[in-house]
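Working notes, beginning with the structure itself.
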Amino acid sequence: MGPLKKPPPVRRIVVDDEPTIVEPPKGPNGAGQTVKEGASGLLSAPRKREGKRGTVKERMRTDGLGVAYAGKPAVKAVSLPVNQGEVLGLIGPSGCGKTTLLRCLNRLVDQTPTATRSGTIYLDDEDVDRRDVTELRRQVGMVFQQPNPFPMSVFDNVAYGLRERGSRRPSRAALRPSVEEALDRAGLLEEVKDNLTHPALRLSGGQQQRLCIARSLAVNPEVLLLDEPCSALDPRSTTIIEELVMKLRADIAIVIVTHNLQQAYRVADRVGFMYLGDLVEYGEADQVFGAPKAKRTREYVSGGFG
Amino acid sequence: MSTPATEGRRQGLRAPKLPRPRLPRRDRGLLKDEEVVPWSIGDRIGLAAAWFSGLLLCAIAASIVIYMLVRGLQYVNLSAIGQHPIVQSTTTITGTSGGYLDPIEGTLILTTLGILIALPIGVATAVWLSEYGRPAWLARAVESGVEIVAGTPTIVLAIFGLLIFSKGIFGFLSFTAQGGAVFGRSFFIAGIMMSLIALPLVVGSTREALQSIPAHVREASYALGKDKISTIRRVLLPASRKGIATGATLGMGRIAGDTAIVVILLGASLTLQPYGNAPLVGTLRGTGSTLTSFVYANSPAGEGNSPTKAYAAAFVLLMIVILMNFVVDLFSRQGSDPWAR
């Protein structure tokens with residue numbers, strides 16, 4: 001591999017290499033070709049996704065999605081599918097639009113006054129802009145980089161999304177089964193079942209993050225967006241959350257943004273590489289990591305920059 | 001970080017013949033003696049002035065507390081706390097006899113009333129400023145409005161209150177004479193004007209608490225499909241409880257300590273003089289006194305002129321205010337941002 005270049009510090013600087021936008025695969029299962037493992041040391045890492053995936057079904061799709069903050073483009077014409085039964089990993093250097101792309105999927109980007117969005121996002125073939133935003137956000141859950149439980153009890157945190165806006169109804173007793181189920185799915189029930197009334201902010205960081213996952217799962221989302229969910233956590237909590245993601249992907253389409261290439265390799269079935277707002281490469285994780293098509297992907301996954 | 005010494009070395013200054021400064025311990029040995037540039041005379045005077053001012057302030061605070069403690073304890077008569085002041089008419093004072101039960105009650109009533117009015121208005125203003133704040137010009141106007149209220153001398157507020165609340169339509173708030181003239185002085189009226197003193201403190205402290213909540217906490221609530229109103233109600237306000245409590249306590253301390261509004265708007269009757277027969281409302285519509293006006297009335301400047309009682313009452317007042325500051329300290333000592341890691 002030749003000498004590696006650092007990425008330009010500012011967006012919108014022309015790079016030597018024309019971006020190779022890879023067309024999204026036609027079939028729901030993608031090309032499915034076998035890839036020889038490359039020389040990259042990454043591929044020797046133990047992987048969590050083994051064996052066959054369940055049925056893979058397209059749930060969300062972006063079509064020519066572009067976002068600009070106060071006129072400066074952050075995401076440029078990105079088209080990619082999000083499949084249930086698979087984990088989609090978004091990788092790339094900081095400030096290249098991964099989180100912005102993620103925040104479009106549940107229209108959280110609408111909260112940023114300077115942001116303008118173009119293109120279309122579909123959830124189950126329906127334009128998300130046509131849907132009620134409350135309904136959309138219940139179907140597309142999100143977990144943030146920092147664990148951010150609300151300043152209330154563990155129970156109330158999970159029940160928060162289930163309750164009507166602002167009110168305390170339905171009652172605790174009615175909500176209890178759903179809350180426990182969500183905590184169980186997030187693998188937290190065993191640890192907190194005796195202290196459901198304790199303040200959530202007293203939990204450890206890893207527990208808080210799993211609580212945030214439980215909070216999102218409580219409303220039965222169809223898509224779960226994870227924005228660098230492990231970057232504030234210790235390795236052990238990271239492992240637990242990665243295993244959790246593996247378990248959840250059968251029922252829920254999962255998108256995970258990560259700076260950690262090893263993590264992307266461990267958990268993602270498909271990987272999108274974002275660079276300066278472009279989706280430079282999209283494909284099977286084995287292909288993106290083992291035989292990247294674009295030069296910049298090759299440089300990035302081999303640790304050249306980022 | 002640059003000590004004067006390293007600064008001097010960087011600029012290549014030569015050391016004049018002046019006594020060498022003591023370097024902070026961690027810098028000793030880093031520089032050779034000839035590299036050390038002594039502080040200039042101006043810097044030395046400045047440093048001495050800074051030390052002196054800090055120590056002076058400590059001394060002043062300590063002397064106030066100690067002096068009032070000695071004087072107060074000398075004259076505080078525990079039984080007097082439970083006794084009514086003895087008055088000949090509502091405005092003249094007999095002096096040495098009687099206690100100060102009524103002023104203590106008056107302080108408590110006025111403080112509670114003032115903060116009860118200031119709290120909802122202040123929290124609502126802070127929520128609007130922090131979470132909505134559009135259009136920007138209106139937010140700026142609200143901010144400067146709060147600042148103006150904060151900066152207005154309380155005697156001005158008092159006179160303004162008297163002017164407003166002596167109008168006929170506010171007759172229900174105070175004593176009304178036979179001819180229909182409104183007295184314009186009562187606990188209600190003093191409490192309303194007192195709330196203006198506490199308001200800026202509540203607004204400032206609540207707003208600070210709201211703004212210290214990280215954006216991703218709000219977004220987590222939006223991401224669960226909640227709108228702004230329920231986010232504020234269920235997440236942001238509970239998270240800023242401590243800030244709201246701090247503002248309220250600071251405001252109560254200010255109310256308890258204010259004199260001008262009491263003297264002008266509370267009717268200057270030493271004892272509680274209820275107006276009408278309704279048990280609580282009657283008191284609130286009536287006149288009374290607080291510890292501050294009691295101290296004033298009994299000081300050599302006032303009509304009572306019995307300084308010993310003034311000392312004792314001032315001591316009680318000081319204790320109340322110090323206690324409130326202590327409570328504020330307790331609130332602010334617990335970590336302010338539970339999401340910080």
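Within each chain, counting starts at residue 1; across the structure tokens, chains are named A, B, ... in the order shown, with ligands numbered 1 upward in that order.
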
Which residues of chain B have any atom within 12 Å of an atom in chain A when counting only C-alpha atoms, and what is the closest pair of atoms for each, with the distance in Å to one decimal? Order the rows by chain and rising number and write it as a tab-separated table.
```
residue	atom	partner	partner_atom	distance
B:Arg134	CA	A:Pro113	CA	11.9
B:Ile213	CA	A:Asn148	CA	10.3
B:Pro214	CA	A:Asn148	CA	9.0
B:Ala215	CA	A:Asn148	CA	10.1
B:His216	CA	A:Phe144	CA	7.2
B:Val217	CA	A:Asn148	CA	5.7
B:Arg218	CA	A:Asn148	CA	9.3
B:Glu219	CA	A:Leu108	CA	7.4
B:Ala220	CA	A:Asn148	CA	7.3
B:Ser221	CA	A:Gly161	CA	8.2
B:Tyr222	CA	A:Leu108	CA	7.5
B:Ala223	CA	A:Arg137	CA	5.5
B:Leu224	CA	A:Gly161	CA	5.5
B:Gly225	CA	A:Thr134	CA	4.1
B:Lys226	CA	A:Arg165	CA	6.4
B:Asp227	CA	A:Arg165	CA	7.5
B:Lys228	CA	A:Arg165	CA	9.8
B:Ile229	CA	A:Gly166	CA	7.5
B:Ser230	CA	A:Gly166	CA	4.4
B:Thr231	CA	A:Gly166	CA	7.7
B:Ile232	CA	A:Gly166	CA	9.0
B:Arg233	CA	A:Gly166	CA	6.7
B:Arg234	CA	A:Gly166	CA	6.5
B:Val235	CA	A:Phe150	CA	6.2
B:Leu236	CA	A:Pro151	CA	8.7
B:Leu237	CA	A:Pro151	CA	9.8
B:Pro238	CA	A:Pro151	CA	6.8
B:Ala239	CA	A:Pro151	CA	5.8
B:Ser240	CA	A:Pro151	CA	9.5
B:Arg241	CA	A:Pro151	CA	10.2
B:Lys242	CA	A:Pro151	CA	11.8
B:Asp337	CA	A:Leu201	CA	10.6
B:Pro338	CA	A:Leu201	CA	6.9
B:Trp339	CA	A:Asn148	CA	6.4
B:Ala340	CA	A:Gln146	CA	8.8
B:Arg341	CA	A:Ala232	CA	8.2
```

Item to check | Selection near range 91-95 of chain A, 8 Å with only C-alpha atoms, sequence-local residues under 5 positions removed, as a list in words | outcome: Ala74, Val257, Thr258, His259, Asn260, Leu261, Ala264, Val271, Gly272, Phe273, Met274, Tyr275, Leu276, Tyr300, Phe305 and Gly306 of chain A

Item to check | Residues within 12 Å of Gly89 in chain A, only C-alpha atoms, excluding chain neighbours under 6 positions, as number ranges by chain | outcome: A: 80-83, 98-99, 102, 225-228, 245, 253-274, 281-285, 288-289

Next on the checklist: Which residues are close to Gln84 in chain A, i.e. within 7 Å by only C-alpha atoms, leaving aside same-chain residues fewer than 5 positions away? Reply as a PyMOL selection string.
Outcome noted: chain A and resi 56-59+249-253

Next on the checklist: Using only C-alpha atoms, which protein or nucleic acid residues come within 10 Å of Lys247 in chain A? Drop anything in the same chain fewer than 4 positions from it, and give the result as a ChimeraX atom specification.
Outcome noted: /A:49,85,185-186,241-243,251-252

Write to file, as a short mmCIF file (atom, residue, chain, number, x, y, z; two decimals), in the first residue's frame, the residues of the selection just made, with C-alpha atoms.
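Output saved as out_26.cif:
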```
data_model
loop_
_atom_site.label_atom_id
_atom_site.label_comp_id
_atom_site.auth_asym_id
_atom_site.auth_seq_id
_atom_site.Cartn_x
_atom_site.Cartn_y
_atom_site.Cartn_z
CA ARG A 49 -22.02 -12.32 13.62
CA GLY A 85 -32.28 -9.05 10.15
CA ARG A 185 -34.69 -7.71 25.84
CA ALA A 186 -32.00 -5.22 26.75
CA ILE A 241 -23.98 -4.22 24.17
CA GLU A 242 -22.47 -5.76 21.05
CA GLU A 243 -23.92 -9.14 21.99
CA ASP A 251 -36.39 -8.67 14.83
CA ILE A 252 -35.20 -5.14 14.31
#
```

Item to check | Selection near range 252-254 of chain B, 6 Å with only C-alpha atoms, sequence-local residues under 3 positions removed, as a PyMOL selection string | outcome: chain B and resi 111+249+257+321

Just the selected residues (N, CA and C atoms), exported as a short mmCIF file (atom, residue, chain, number, x, y, z; two decimals), in the first residue's frame, please.
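Result file follows (part-v9.cif):
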```
data_model
loop_
_atom_site.label_atom_id
_atom_site.label_comp_id
_atom_site.auth_asym_id
_atom_site.auth_seq_id
_atom_site.Cartn_x
_atom_site.Cartn_y
_atom_site.Cartn_z
N THR B 111 -42.35 36.23 53.32
CA THR B 111 -41.41 35.45 52.52
C THR B 111 -42.15 34.36 51.75
N THR B 249 -34.60 29.74 47.20
CA THR B 249 -34.02 30.02 48.51
C THR B 249 -33.29 31.36 48.51
N GLY B 257 -34.75 39.88 53.91
CA GLY B 257 -33.83 40.94 54.31
C GLY B 257 -34.24 42.32 53.85
N VAL B 321 -31.23 34.36 57.51
CA VAL B 321 -30.63 34.55 56.19
C VAL B 321 -29.41 33.64 56.02
#
```

Item to check | Residues near range 170-175 of chain B, cut-off 7 Å, only C-alpha atoms, skip fewer than 5 positions along chain, as a ChimeraX atom specification | outcome: /B:165,182-186,188-189,275,285-286

Expected file contents, prior selection, N, CA and C atoms, as a PDB file, in the first residue's frame:
```
ATOM      1  N   PHE B 165     -51.344  50.165  43.843  1.00  0.00           N
ATOM      2  CA  PHE B 165     -52.315  49.402  44.621  1.00  0.00           C
ATOM      3  C   PHE B 165     -53.215  50.290  45.477  1.00  0.00           C
ATOM      4  N   VAL B 182     -58.526  53.709  49.220  1.00  0.00           N
ATOM      5  CA  VAL B 182     -57.826  52.440  49.430  1.00  0.00           C
ATOM      6  C   VAL B 182     -56.508  52.727  50.125  1.00  0.00           C
ATOM      7  N   PHE B 183     -56.276  51.980  51.225  1.00  0.00           N
ATOM      8  CA  PHE B 183     -55.073  52.195  52.013  1.00  0.00           C
ATOM      9  C   PHE B 183     -53.825  51.810  51.214  1.00  0.00           C
ATOM     10  N   GLY B 184     -53.901  50.708  50.432  1.00  0.00           N
ATOM     11  CA  GLY B 184     -52.770  50.317  49.580  1.00  0.00           C
ATOM     12  C   GLY B 184     -51.615  49.721  50.339  1.00  0.00           C
ATOM     13  N   ARG B 185     -51.859  49.278  51.552  1.00  0.00           N
ATOM     14  CA  ARG B 185     -50.773  48.660  52.332  1.00  0.00           C
ATOM     15  C   ARG B 185     -51.314  47.392  52.975  1.00  0.00           C
ATOM     16  N   SER B 186     -50.693  46.256  52.644  1.00  0.00           N
ATOM     17  CA  SER B 186     -51.116  44.999  53.244  1.00  0.00           C
ATOM     18  C   SER B 186     -50.078  43.934  52.924  1.00  0.00           C
ATOM     19  N   PHE B 188     -50.662  41.280  51.199  1.00  0.00           N
ATOM     20  CA  PHE B 188     -50.822  40.961  49.785  1.00  0.00           C
ATOM     21  C   PHE B 188     -49.959  41.871  48.931  1.00  0.00           C
ATOM     22  N   ILE B 189     -50.100  43.165  49.184  1.00  0.00           N
ATOM     23  CA  ILE B 189     -49.427  44.136  48.321  1.00  0.00           C
ATOM     24  C   ILE B 189     -47.919  44.070  48.511  1.00  0.00           C
ATOM     25  N   TYR B 275     -57.543  42.437  58.648  1.00  0.00           N
ATOM     26  CA  TYR B 275     -58.636  43.255  58.153  1.00  0.00           C
ATOM     27  C   TYR B 275     -59.724  42.298  57.694  1.00  0.00           C
ATOM     28  N   ARG B 285     -54.802  40.578  54.116  1.00  0.00           N
ATOM     29  CA  ARG B 285     -55.287  41.893  53.705  1.00  0.00           C
ATOM     30  C   ARG B 285     -54.901  42.956  54.723  1.00  0.00           C
ATOM     31  N   GLY B 286     -54.510  42.517  55.913  1.00  0.00           N
ATOM     32  CA  GLY B 286     -54.175  43.458  56.964  1.00  0.00           C
ATOM     33  C   GLY B 286     -52.720  43.877  56.926  1.00  0.00           C
TER      34      GLY B 286
END
```

Next on the checklist: Could you pull out the alpha helix (DSSP H) residues of range 179-221 of chain B, going by DSSP on the backbone, and write them as a VMD selection string?
Outcome noted: chain B and resid 187 to 211 215 to 221

Just the selected residues (C-alpha atoms), exported as a PDB file, in the first residue's frame, please.
```pdb
ATOM      1  CA  PHE B 187     -49.338  41.655  53.224  1.00  0.00           C
ATOM      2  CA  PHE B 188     -50.822  40.961  49.785  1.00  0.00           C
ATOM      3  CA  ILE B 189     -49.427  44.136  48.321  1.00  0.00           C
ATOM      4  CA  ALA B 190     -46.042  43.869  50.008  1.00  0.00           C
ATOM      5  CA  GLY B 191     -45.875  40.212  48.928  1.00  0.00           C
ATOM      6  CA  ILE B 192     -46.576  41.084  45.311  1.00  0.00           C
ATOM      7  CA  MET B 193     -43.813  43.690  45.253  1.00  0.00           C
ATOM      8  CA  MET B 194     -41.491  41.368  47.173  1.00  0.00           C
ATOM      9  CA  SER B 195     -42.005  38.721  44.499  1.00  0.00           C
ATOM     10  CA  LEU B 196     -40.376  41.142  42.051  1.00  0.00           C
ATOM     11  CA  ILE B 197     -37.225  41.050  44.177  1.00  0.00           C
ATOM     12  CA  ALA B 198     -37.113  37.269  44.127  1.00  0.00           C
ATOM     13  CA  LEU B 199     -38.157  36.911  40.491  1.00  0.00           C
ATOM     14  CA  PRO B 200     -34.783  37.645  38.816  1.00  0.00           C
ATOM     15  CA  LEU B 201     -33.044  35.191  41.124  1.00  0.00           C
ATOM     16  CA  VAL B 202     -35.549  32.444  40.312  1.00  0.00           C
ATOM     17  CA  VAL B 203     -35.336  33.180  36.580  1.00  0.00           C
ATOM     18  CA  GLY B 204     -31.546  33.238  36.554  1.00  0.00           C
ATOM     19  CA  SER B 205     -31.054  30.093  38.551  1.00  0.00           C
ATOM     20  CA  THR B 206     -33.734  28.074  36.728  1.00  0.00           C
ATOM     21  CA  ARG B 207     -32.461  29.177  33.367  1.00  0.00           C
ATOM     22  CA  GLU B 208     -28.927  28.200  34.223  1.00  0.00           C
ATOM     23  CA  ALA B 209     -30.131  24.782  35.338  1.00  0.00           C
ATOM     24  CA  LEU B 210     -32.105  24.266  32.119  1.00  0.00           C
ATOM     25  CA  GLN B 211     -29.195  25.304  29.970  1.00  0.00           C
ATOM     26  CA  ALA B 215     -28.897  18.699  24.223  1.00  0.00           C
ATOM     27  CA  HIS B 216     -28.811  14.928  23.795  1.00  0.00           C
ATOM     28  CA  VAL B 217     -31.098  14.492  26.794  1.00  0.00           C
ATOM     29  CA  ARG B 218     -33.758  16.594  25.080  1.00  0.00           C
ATOM     30  CA  GLU B 219     -33.178  14.694  21.856  1.00  0.00           C
ATOM     31  CA  ALA B 220     -33.557  11.371  23.650  1.00  0.00           C
ATOM     32  CA  SER B 221     -37.025  12.476  24.647  1.00  0.00           C
TER      33      SER B 221
END
```
